[in-house]
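Student: One structure coming up, written as structure tokens, with questions to follow.
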Amino acid sequence: LLASCLIPTAVQAFAPPLNPFARPAVASQSTARPRLTRRDSLFTDPGGWFKRTMEVMNDKREAEALHILMPYVKKEGDGVEVLAKMEEIKAGIAGVEDFEEAAKKYSTCPSAAKGGSLGKFKRGVMVPNFDDAAFTGETGTVLGPVNTIYGAHLIWVKSREEVA
């Protein structure tokens, strides 16, 4: 039941962002993982990178989430407009029913038809910034905007549970 718009391929997972607005400084991104470059921990501290990767892989939790995706358009200034629109949408959401209606109206992901539902997924399945927000953010509230290579996301985590 996972939305194909969030599952990275090998090329997408390590490709640079296609949009210069893909990583603006947003307060809600404090848990976001940065993209790897030759100066980052994979190359300078391979043991630390391996340790973090193993922590993600050994995380036995599963999350159920909804999301709203709005891609960045490749024009000057559109990143700012998309983030402003996401903040406006976020301000109008009071509960999960409001979130589902907003997802049907605004999201460009195929999951919009299901109210933005992504179903249940394990840690490490989604793109890094989305994954971090879904597994570290508070449940039952709107998280974001979270920036990924696909655009800006608002996320509603319905539940998180341990899986055997």
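Chain identifiers are assigned as A, B, and so on, following the order in which chains appear in the structure tokens; residues are numbered from 1 within each chain, and ligands are numbered from 1 in order of appearance.
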Report as JSON, numbers by chain all protein, DNA and RNA residues lying within 9 Å of stretch 51-59 of chain A, evaluated on only C-alpha atoms, omitting residues in the same chain fewer than 6 positions from it.
Tutor: {"A": [122, 123, 124, 162]}
Student: Could you write out that same residue set with C-alpha atoms as a CSV table (one decimal), in the first residue's frame?
Tutor:
```csv
chain,number,residue,atom,x,y,z
A,122,LYS,CA,8.9,0.3,8.4
A,123,ARG,CA,11.8,2.6,9.1
A,124,GLY,CA,14.2,3.1,6.1
A,162,GLU,CA,6.6,-2.1,17.6
```
Student: Could you work out how far atom CA of A:Val82 lies from atom CA of A:Ser107, giving the answer in Å with one decimal?
Tutor: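 Atom-to-atom, atom CA of A:Ser107 and atom CA of A:Val82 are spaced 11.8 Å apart.
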Student: Could you list, as a list of chain:residue names, every residue within 7 Å of stretch 102-105 of chain A, counting only C-alpha atoms and ignoring same-chain residues fewer than 4 positions away?
Tutor: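 With the cut-off at 7 Å, the set is A:His67, A:Ile68, A:Asp98, A:Ala112, A:Ala113, A:Gly115, A:Gly116.
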Student: Produce a file of the selected residues containing C-alpha atoms, as a tab-separated table (two decimals), in the first residue's frame.
Tutor:
```
chain	number	residue	atom	x	y	z
A	67	HIS	CA	0.73	12.99	3.57
A	68	ILE	CA	0.18	15.90	1.22
A	98	ASP	CA	-9.41	17.82	7.77
A	112	ALA	CA	-4.43	11.71	-2.71
A	113	ALA	CA	-7.40	9.62	-3.84
A	115	GLY	CA	-6.90	10.88	1.56
A	116	GLY	CA	-3.11	10.82	1.37
```
Student: Given the choices A:Ala164, A:Asn129, A:Ile93, A:Thr108, which gets closest to A:Pro71 if the distance is worked out from only C-alpha atoms?
Tutor: A:Thr108
Student: Between A:Lys114, A:Met86, A:Glu101, A:Trp156, which has the minimum distance to A:Ala134 (counting only C-alpha atoms)?
Tutor: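 The closest residue to A:Ala134 is A:Trp156.
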Student: Quick one: distance from atom CA of A:Gly151 to atom CA of A:Leu69 in Å, one decimal?
Tutor: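 A separation of 6.6 Å between them.
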Student: At a cut-off of 12 Å, using only C-alpha atoms, what residues contact A:Glu88? Leave out same-chain residues fewer than 3 positions from it and give the result as a PyMOL selection string.
Tutor: chain A and resi 81-85+91-93+102+106+144-145+154
Student: Write to file, as a short mmCIF file (atom, residue, chain, number, x, y, z; two decimals), in the first residue's frame, the residues of the selection just made, with N, CA and C atoms.
Tutor:
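Wrote again.cif, looks like this:
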```cif
data_model
loop_
_atom_site.label_atom_id
_atom_site.label_comp_id
_atom_site.auth_asym_id
_atom_site.auth_seq_id
_atom_site.Cartn_x
_atom_site.Cartn_y
_atom_site.Cartn_z
N GLU A 81 6.91 30.00 -2.74
CA GLU A 81 5.46 29.96 -2.91
C GLU A 81 4.88 28.63 -2.43
N VAL A 82 5.55 27.54 -2.74
CA VAL A 82 5.07 26.23 -2.31
C VAL A 82 5.08 26.13 -0.79
N LEU A 83 6.15 26.57 -0.15
CA LEU A 83 6.23 26.52 1.31
C LEU A 83 5.17 27.41 1.95
N ALA A 84 4.91 28.56 1.35
CA ALA A 84 3.87 29.45 1.88
C ALA A 84 2.50 28.79 1.77
N LYS A 85 2.23 28.13 0.65
CA LYS A 85 0.96 27.42 0.46
C LYS A 85 0.83 26.27 1.47
N ALA A 91 -2.26 25.46 8.53
CA ALA A 91 -3.02 26.27 9.48
C ALA A 91 -4.51 25.91 9.47
N GLY A 92 -5.01 25.40 8.37
CA GLY A 92 -6.43 25.06 8.25
C GLY A 92 -6.77 23.63 8.68
N ILE A 93 -5.79 22.88 9.16
CA ILE A 93 -6.03 21.48 9.54
C ILE A 93 -6.14 21.37 11.05
N ALA A 102 -7.89 17.81 2.87
CA ALA A 102 -6.84 18.65 2.28
C ALA A 102 -5.98 17.84 1.33
N TYR A 106 -5.36 19.04 -2.40
CA TYR A 106 -4.09 19.68 -2.75
C TYR A 106 -2.96 18.75 -3.18
N GLY A 144 5.68 19.24 9.39
CA GLY A 144 6.18 19.79 8.15
C GLY A 144 5.94 21.28 8.03
N PRO A 145 6.24 21.80 6.86
CA PRO A 145 6.62 21.10 5.64
C PRO A 145 7.99 20.43 5.75
N LEU A 154 3.41 17.64 3.86
CA LEU A 154 2.83 17.74 5.19
C LEU A 154 2.52 16.30 5.57
#
```
Student: Nearest to A:Val73: which of A:Val163, A:Ile89, A:Ala133, A:Ala152 is it, counting only C-alpha atoms?
Tutor: A:Ala152
Student: Determine which residues of stretch 31-160 of chain A DSSP labels as helix (DSSP H, G or I) from the backbone of this structure, then write them out as a PDB file with N, CA, C and O atoms, in the first residue's frame.
Tutor:
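Produced file part-v4.pdb, reproduced below:
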```pdb
ATOM      1  N   SER A  41      29.892  12.306   6.503  1.00  0.00           N
ATOM      2  CA  SER A  41      30.325  11.232   7.388  1.00  0.00           C
ATOM      3  C   SER A  41      30.575   9.902   6.693  1.00  0.00           C
ATOM      4  O   SER A  41      31.381   9.115   7.163  1.00  0.00           O
ATOM      5  N   LEU A  42      29.909   9.618   5.582  1.00  0.00           N
ATOM      6  CA  LEU A  42      30.141   8.352   4.899  1.00  0.00           C
ATOM      7  C   LEU A  42      31.614   8.228   4.519  1.00  0.00           C
ATOM      8  O   LEU A  42      32.199   7.158   4.598  1.00  0.00           O
ATOM      9  N   PHE A  43      32.220   9.347   4.124  1.00  0.00           N
ATOM     10  CA  PHE A  43      33.600   9.326   3.661  1.00  0.00           C
ATOM     11  C   PHE A  43      34.598   9.669   4.762  1.00  0.00           C
ATOM     12  O   PHE A  43      35.695   9.143   4.784  1.00  0.00           O
ATOM     13  N   THR A  44      34.215  10.551   5.692  1.00  0.00           N
ATOM     14  CA  THR A  44      35.145  10.961   6.736  1.00  0.00           C
ATOM     15  C   THR A  44      35.033  10.113   7.992  1.00  0.00           C
ATOM     16  O   THR A  44      35.974  10.001   8.750  1.00  0.00           O
ATOM     17  N   PRO A  46      33.352   6.544   8.255  1.00  0.00           N
ATOM     18  CA  PRO A  46      32.546   5.418   7.795  1.00  0.00           C
ATOM     19  C   PRO A  46      31.949   4.596   8.932  1.00  0.00           C
ATOM     20  O   PRO A  46      30.865   4.067   8.815  1.00  0.00           O
ATOM     21  N   GLY A  47      32.618   4.532  10.070  1.00  0.00           N
ATOM     22  CA  GLY A  47      32.077   3.798  11.214  1.00  0.00           C
ATOM     23  C   GLY A  47      30.811   4.436  11.757  1.00  0.00           C
ATOM     24  O   GLY A  47      29.849   3.765  12.100  1.00  0.00           O
ATOM     25  N   GLY A  48      30.786   5.774  11.826  1.00  0.00           N
ATOM     26  CA  GLY A  48      29.594   6.497  12.293  1.00  0.00           C
ATOM     27  C   GLY A  48      28.425   6.339  11.337  1.00  0.00           C
ATOM     28  O   GLY A  48      27.279   6.165  11.749  1.00  0.00           O
ATOM     29  N   TRP A  49      28.717   6.424  10.043  1.00  0.00           N
ATOM     30  CA  TRP A  49      27.672   6.235   9.038  1.00  0.00           C
ATOM     31  C   TRP A  49      27.111   4.820   9.126  1.00  0.00           C
ATOM     32  O   TRP A  49      25.903   4.615   9.100  1.00  0.00           O
ATOM     33  N   PHE A  50      27.984   3.840   9.277  1.00  0.00           N
ATOM     34  CA  PHE A  50      27.548   2.448   9.377  1.00  0.00           C
ATOM     35  C   PHE A  50      26.684   2.252  10.621  1.00  0.00           C
ATOM     36  O   PHE A  50      25.644   1.598  10.573  1.00  0.00           O
ATOM     37  N   LYS A  51      27.094   2.855  11.739  1.00  0.00           N
ATOM     38  CA  LYS A  51      26.345   2.722  12.986  1.00  0.00           C
ATOM     39  C   LYS A  51      24.936   3.289  12.830  1.00  0.00           C
ATOM     40  O   LYS A  51      23.953   2.662  13.229  1.00  0.00           O
ATOM     41  N   ARG A  52      24.826   4.460  12.238  1.00  0.00           N
ATOM     42  CA  ARG A  52      23.499   5.077  12.045  1.00  0.00           C
ATOM     43  C   ARG A  52      22.644   4.246  11.098  1.00  0.00           C
ATOM     44  O   ARG A  52      21.457   4.056  11.324  1.00  0.00           O
ATOM     45  N   THR A  53      23.243   3.736  10.032  1.00  0.00           N
ATOM     46  CA  THR A  53      22.513   2.907   9.087  1.00  0.00           C
ATOM     47  C   THR A  53      21.999   1.647   9.770  1.00  0.00           C
ATOM     48  O   THR A  53      20.851   1.235   9.566  1.00  0.00           O
ATOM     49  N   MET A  54      22.815   1.051  10.618  1.00  0.00           N
ATOM     50  CA  MET A  54      22.385  -0.151  11.331  1.00  0.00           C
ATOM     51  C   MET A  54      21.264   0.159  12.324  1.00  0.00           C
ATOM     52  O   MET A  54      20.350  -0.640  12.501  1.00  0.00           O
ATOM     53  N   GLU A  55      21.305   1.325  12.958  1.00  0.00           N
ATOM     54  CA  GLU A  55      20.231   1.715  13.867  1.00  0.00           C
ATOM     55  C   GLU A  55      18.905   1.812  13.127  1.00  0.00           C
ATOM     56  O   GLU A  55      17.879   1.359  13.619  1.00  0.00           O
ATOM     57  N   VAL A  56      18.926   2.410  11.928  1.00  0.00           N
ATOM     58  CA  VAL A  56      17.701   2.520  11.123  1.00  0.00           C
ATOM     59  C   VAL A  56      17.226   1.141  10.710  1.00  0.00           C
ATOM     60  O   VAL A  56      16.039   0.817  10.799  1.00  0.00           O
ATOM     61  N   MET A  57      18.143   0.296  10.265  1.00  0.00           N
ATOM     62  CA  MET A  57      17.756  -1.040   9.804  1.00  0.00           C
ATOM     63  C   MET A  57      17.229  -1.912  10.938  1.00  0.00           C
ATOM     64  O   MET A  57      16.360  -2.752  10.723  1.00  0.00           O
ATOM     65  N   ASN A  58      17.740  -1.725  12.149  1.00  0.00           N
ATOM     66  CA  ASN A  58      17.315  -2.538  13.281  1.00  0.00           C
ATOM     67  C   ASN A  58      16.109  -1.972  14.021  1.00  0.00           C
ATOM     68  O   ASN A  58      15.638  -2.581  14.976  1.00  0.00           O
ATOM     69  N   ASP A  78       9.538  29.741  -6.903  1.00  0.00           N
ATOM     70  CA  ASP A  78       8.447  28.805  -6.655  1.00  0.00           C
ATOM     71  C   ASP A  78       8.602  28.036  -5.357  1.00  0.00           C
ATOM     72  O   ASP A  78       7.614  27.643  -4.752  1.00  0.00           O
ATOM     73  N   GLY A  79       9.834  27.792  -4.910  1.00  0.00           N
ATOM     74  CA  GLY A  79      10.034  27.094  -3.648  1.00  0.00           C
ATOM     75  C   GLY A  79       9.419  27.852  -2.495  1.00  0.00           C
ATOM     76  O   GLY A  79       8.788  27.273  -1.611  1.00  0.00           O
ATOM     77  N   VAL A  80       9.557  29.166  -2.507  1.00  0.00           N
ATOM     78  CA  VAL A  80       8.992  30.008  -1.457  1.00  0.00           C
ATOM     79  C   VAL A  80       7.468  29.968  -1.534  1.00  0.00           C
ATOM     80  O   VAL A  80       6.791  29.859  -0.508  1.00  0.00           O
ATOM     81  N   GLU A  81       6.906  30.003  -2.737  1.00  0.00           N
ATOM     82  CA  GLU A  81       5.457  29.962  -2.905  1.00  0.00           C
ATOM     83  C   GLU A  81       4.879  28.635  -2.429  1.00  0.00           C
ATOM     84  O   GLU A  81       3.824  28.608  -1.791  1.00  0.00           O
ATOM     85  N   VAL A  82       5.548  27.542  -2.735  1.00  0.00           N
ATOM     86  CA  VAL A  82       5.072  26.225  -2.312  1.00  0.00           C
ATOM     87  C   VAL A  82       5.084  26.130  -0.791  1.00  0.00           C
ATOM     88  O   VAL A  82       4.105  25.663  -0.182  1.00  0.00           O
ATOM     89  N   LEU A  83       6.152  26.572  -0.151  1.00  0.00           N
ATOM     90  CA  LEU A  83       6.225  26.522   1.308  1.00  0.00           C
ATOM     91  C   LEU A  83       5.171  27.411   1.953  1.00  0.00           C
ATOM     92  O   LEU A  83       4.570  27.036   2.969  1.00  0.00           O
ATOM     93  N   ALA A  84       4.907  28.562   1.355  1.00  0.00           N
ATOM     94  CA  ALA A  84       3.869  29.449   1.884  1.00  0.00           C
ATOM     95  C   ALA A  84       2.497  28.786   1.770  1.00  0.00           C
ATOM     96  O   ALA A  84       1.681  28.854   2.700  1.00  0.00           O
ATOM     97  N   LYS A  85       2.233  28.126   0.649  1.00  0.00           N
ATOM     98  CA  LYS A  85       0.962  27.416   0.462  1.00  0.00           C
ATOM     99  C   LYS A  85       0.834  26.269   1.466  1.00  0.00           C
ATOM    100  O   LYS A  85      -0.239  26.035   2.030  1.00  0.00           O
ATOM    101  N   MET A  86       1.935  25.548   1.707  1.00  0.00           N
ATOM    102  CA  MET A  86       1.909  24.453   2.676  1.00  0.00           C
ATOM    103  C   MET A  86       1.600  24.973   4.083  1.00  0.00           C
ATOM    104  O   MET A  86       0.834  24.349   4.814  1.00  0.00           O
ATOM    105  N   GLU A  87       2.180  26.089   4.465  1.00  0.00           N
ATOM    106  CA  GLU A  87       1.896  26.678   5.780  1.00  0.00           C
ATOM    107  C   GLU A  87       0.431  27.088   5.885  1.00  0.00           C
ATOM    108  O   GLU A  87      -0.201  26.923   6.929  1.00  0.00           O
ATOM    109  N   GLU A  88      -0.129  27.603   4.786  1.00  0.00           N
ATOM    110  CA  GLU A  88      -1.541  27.983   4.751  1.00  0.00           C
ATOM    111  C   GLU A  88      -2.437  26.751   4.927  1.00  0.00           C
ATOM    112  O   GLU A  88      -3.401  26.772   5.689  1.00  0.00           O
ATOM    113  N   ILE A  89      -2.111  25.675   4.224  1.00  0.00           N
ATOM    114  CA  ILE A  89      -2.872  24.421   4.344  1.00  0.00           C
ATOM    115  C   ILE A  89      -2.761  23.889   5.773  1.00  0.00           C
ATOM    116  O   ILE A  89      -3.755  23.481   6.377  1.00  0.00           O
ATOM    117  N   LYS A  90      -1.549  23.901   6.313  1.00  0.00           N
ATOM    118  CA  LYS A  90      -1.300  23.397   7.666  1.00  0.00           C
ATOM    119  C   LYS A  90      -2.134  24.145   8.706  1.00  0.00           C
ATOM    120  O   LYS A  90      -2.684  23.544   9.629  1.00  0.00           O
ATOM    121  N   ALA A  91      -2.258  25.459   8.535  1.00  0.00           N
ATOM    122  CA  ALA A  91      -3.021  26.274   9.479  1.00  0.00           C
ATOM    123  C   ALA A  91      -4.510  25.911   9.473  1.00  0.00           C
ATOM    124  O   ALA A  91      -5.192  26.064  10.485  1.00  0.00           O
ATOM    125  N   VAL A  96      -7.604  14.746  11.813  1.00  0.00           N
ATOM    126  CA  VAL A  96      -7.273  13.814  10.737  1.00  0.00           C
ATOM    127  C   VAL A  96      -8.277  13.908   9.584  1.00  0.00           C
ATOM    128  O   VAL A  96      -7.906  13.751   8.419  1.00  0.00           O
ATOM    129  N   GLU A  97      -9.549  14.186   9.878  1.00  0.00           N
ATOM    130  CA  GLU A  97     -10.542  14.319   8.803  1.00  0.00           C
ATOM    131  C   GLU A  97     -10.217  15.519   7.910  1.00  0.00           C
ATOM    132  O   GLU A  97     -10.330  15.443   6.687  1.00  0.00           O
ATOM    133  N   ASP A  98      -9.822  16.633   8.535  1.00  0.00           N
ATOM    134  CA  ASP A  98      -9.415  17.817   7.773  1.00  0.00           C
ATOM    135  C   ASP A  98      -8.200  17.509   6.917  1.00  0.00           C
ATOM    136  O   ASP A  98      -8.090  17.965   5.777  1.00  0.00           O
ATOM    137  N   PHE A  99      -7.265  16.736   7.472  1.00  0.00           N
ATOM    138  CA  PHE A  99      -6.052  16.383   6.735  1.00  0.00           C
ATOM    139  C   PHE A  99      -6.402  15.554   5.504  1.00  0.00           C
ATOM    140  O   PHE A  99      -5.889  15.797   4.418  1.00  0.00           O
ATOM    141  N   GLU A 100      -7.288  14.581   5.651  1.00  0.00           N
ATOM    142  CA  GLU A 100      -7.693  13.731   4.522  1.00  0.00           C
ATOM    143  C   GLU A 100      -8.351  14.560   3.422  1.00  0.00           C
ATOM    144  O   GLU A 100      -8.082  14.353   2.241  1.00  0.00           O
ATOM    145  N   GLU A 101      -9.209  15.504   3.807  1.00  0.00           N
ATOM    146  CA  GLU A 101      -9.861  16.375   2.821  1.00  0.00           C
ATOM    147  C   GLU A 101      -8.837  17.261   2.109  1.00  0.00           C
ATOM    148  O   GLU A 101      -8.893  17.442   0.897  1.00  0.00           O
ATOM    149  N   ALA A 102      -7.887  17.813   2.874  1.00  0.00           N
ATOM    150  CA  ALA A 102      -6.841  18.653   2.282  1.00  0.00           C
ATOM    151  C   ALA A 102      -5.976  17.838   1.331  1.00  0.00           C
ATOM    152  O   ALA A 102      -5.571  18.327   0.275  1.00  0.00           O
ATOM    153  N   ALA A 103      -5.684  16.582   1.692  1.00  0.00           N
ATOM    154  CA  ALA A 103      -4.878  15.722   0.819  1.00  0.00           C
ATOM    155  C   ALA A 103      -5.596  15.477  -0.505  1.00  0.00           C
ATOM    156  O   ALA A 103      -4.982  15.517  -1.569  1.00  0.00           O
ATOM    157  N   LYS A 104      -6.890  15.215  -0.443  1.00  0.00           N
ATOM    158  CA  LYS A 104      -7.665  14.998  -1.674  1.00  0.00           C
ATOM    159  C   LYS A 104      -7.672  16.245  -2.551  1.00  0.00           C
ATOM    160  O   LYS A 104      -7.639  16.148  -3.768  1.00  0.00           O
ATOM    161  N   LYS A 105      -7.682  17.402  -1.919  1.00  0.00           N
ATOM    162  CA  LYS A 105      -7.778  18.664  -2.662  1.00  0.00           C
ATOM    163  C   LYS A 105      -6.427  19.154  -3.201  1.00  0.00           C
ATOM    164  O   LYS A 105      -6.347  19.628  -4.327  1.00  0.00           O
ATOM    165  N   TYR A 106      -5.356  19.042  -2.402  1.00  0.00           N
ATOM    166  CA  TYR A 106      -4.087  19.677  -2.753  1.00  0.00           C
ATOM    167  C   TYR A 106      -2.958  18.747  -3.182  1.00  0.00           C
ATOM    168  O   TYR A 106      -2.054  19.171  -3.887  1.00  0.00           O
ATOM    169  N   PRO A 110      -0.329  10.093  -6.071  1.00  0.00           N
ATOM    170  CA  PRO A 110      -1.449   9.179  -6.326  1.00  0.00           C
ATOM    171  C   PRO A 110      -2.216   8.783  -5.064  1.00  0.00           C
ATOM    172  O   PRO A 110      -3.375   8.410  -5.136  1.00  0.00           O
ATOM    173  N   SER A 111      -1.584   8.901  -3.897  1.00  0.00           N
ATOM    174  CA  SER A 111      -2.267   8.566  -2.648  1.00  0.00           C
ATOM    175  C   SER A 111      -3.345   9.584  -2.279  1.00  0.00           C
ATOM    176  O   SER A 111      -4.115   9.349  -1.350  1.00  0.00           O
ATOM    177  N   ALA A 112      -3.427  10.689  -3.000  1.00  0.00           N
ATOM    178  CA  ALA A 112      -4.429  11.715  -2.713  1.00  0.00           C
ATOM    179  C   ALA A 112      -5.848  11.151  -2.790  1.00  0.00           C
ATOM    180  O   ALA A 112      -6.718  11.543  -2.017  1.00  0.00           O
ATOM    181  N   ALA A 113      -6.076  10.214  -3.694  1.00  0.00           N
ATOM    182  CA  ALA A 113      -7.404   9.621  -3.843  1.00  0.00           C
ATOM    183  C   ALA A 113      -7.835   8.882  -2.573  1.00  0.00           C
ATOM    184  O   ALA A 113      -9.026   8.741  -2.307  1.00  0.00           O
ATOM    185  N   LYS A 114      -6.870   8.438  -1.776  1.00  0.00           N
ATOM    186  CA  LYS A 114      -7.154   7.727  -0.525  1.00  0.00           C
ATOM    187  C   LYS A 114      -6.959   8.655   0.677  1.00  0.00           C
ATOM    188  O   LYS A 114      -6.664   8.183   1.773  1.00  0.00           O
ATOM    189  N   PRO A 128      14.890   9.737   3.124  1.00  0.00           N
ATOM    190  CA  PRO A 128      15.410  10.059   4.455  1.00  0.00           C
ATOM    191  C   PRO A 128      14.678  11.152   5.238  1.00  0.00           C
ATOM    192  O   PRO A 128      14.336  10.940   6.394  1.00  0.00           O
ATOM    193  N   ASN A 129      14.444  12.320   4.661  1.00  0.00           N
ATOM    194  CA  ASN A 129      13.803  13.397   5.424  1.00  0.00           C
ATOM    195  C   ASN A 129      12.394  13.011   5.845  1.00  0.00           C
ATOM    196  O   ASN A 129      11.970  13.281   6.966  1.00  0.00           O
ATOM    197  N   PHE A 130      11.654  12.382   4.946  1.00  0.00           N
ATOM    198  CA  PHE A 130      10.291  11.942   5.242  1.00  0.00           C
ATOM    199  C   PHE A 130      10.329  10.882   6.335  1.00  0.00           C
ATOM    200  O   PHE A 130       9.555  10.919   7.294  1.00  0.00           O
ATOM    201  N   ASP A 131      11.231   9.942   6.200  1.00  0.00           N
ATOM    202  CA  ASP A 131      11.372   8.843   7.155  1.00  0.00           C
ATOM    203  C   ASP A 131      11.681   9.375   8.556  1.00  0.00           C
ATOM    204  O   ASP A 131      11.070   8.951   9.539  1.00  0.00           O
ATOM    205  N   ASP A 132      12.620  10.308   8.653  1.00  0.00           N
ATOM    206  CA  ASP A 132      12.969  10.884   9.944  1.00  0.00           C
ATOM    207  C   ASP A 132      11.780  11.580  10.588  1.00  0.00           C
ATOM    208  O   ASP A 132      11.524  11.419  11.781  1.00  0.00           O
ATOM    209  N   ALA A 133      11.045  12.363   9.807  1.00  0.00           N
ATOM    210  CA  ALA A 133       9.880  13.064  10.345  1.00  0.00           C
ATOM    211  C   ALA A 133       8.814  12.079  10.805  1.00  0.00           C
ATOM    212  O   ALA A 133       8.229  12.246  11.880  1.00  0.00           O
ATOM    213  N   ALA A 134       8.568  11.042  10.030  1.00  0.00           N
ATOM    214  CA  ALA A 134       7.526  10.071  10.367  1.00  0.00           C
ATOM    215  C   ALA A 134       7.860   9.273  11.624  1.00  0.00           C
ATOM    216  O   ALA A 134       6.963   8.879  12.366  1.00  0.00           O
ATOM    217  N   PHE A 135       9.138   9.036  11.886  1.00  0.00           N
ATOM    218  CA  PHE A 135       9.509   8.209  13.026  1.00  0.00           C
ATOM    219  C   PHE A 135       9.985   8.992  14.248  1.00  0.00           C
ATOM    220  O   PHE A 135      10.182   8.415  15.313  1.00  0.00           O
ATOM    221  N   THR A 136      10.182  10.296  14.124  1.00  0.00           N
ATOM    222  CA  THR A 136      10.603  11.078  15.283  1.00  0.00           C
ATOM    223  C   THR A 136       9.589  12.140  15.661  1.00  0.00           C
ATOM    224  O   THR A 136       9.602  12.622  16.784  1.00  0.00           O
TER     225      THR A 136
END
```
Student: For a test of reading the model, state the distance in Å between atom CA of A:Thr148 and atom CA of A:Glu161, rounded to one decimal.
Tutor: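 We find that atom CA of A:Thr148 and atom CA of A:Glu161 lie 24.4 Å from each other.
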Student: Restricting the calculation to only C-alpha atoms: of A:Ser117, A:Gly140, A:Cys109, A:Gly95, which residue gets closest to A:Met70?
Tutor: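 Using only C-alpha atoms, A:Met70 sits closest to A:Cys109.
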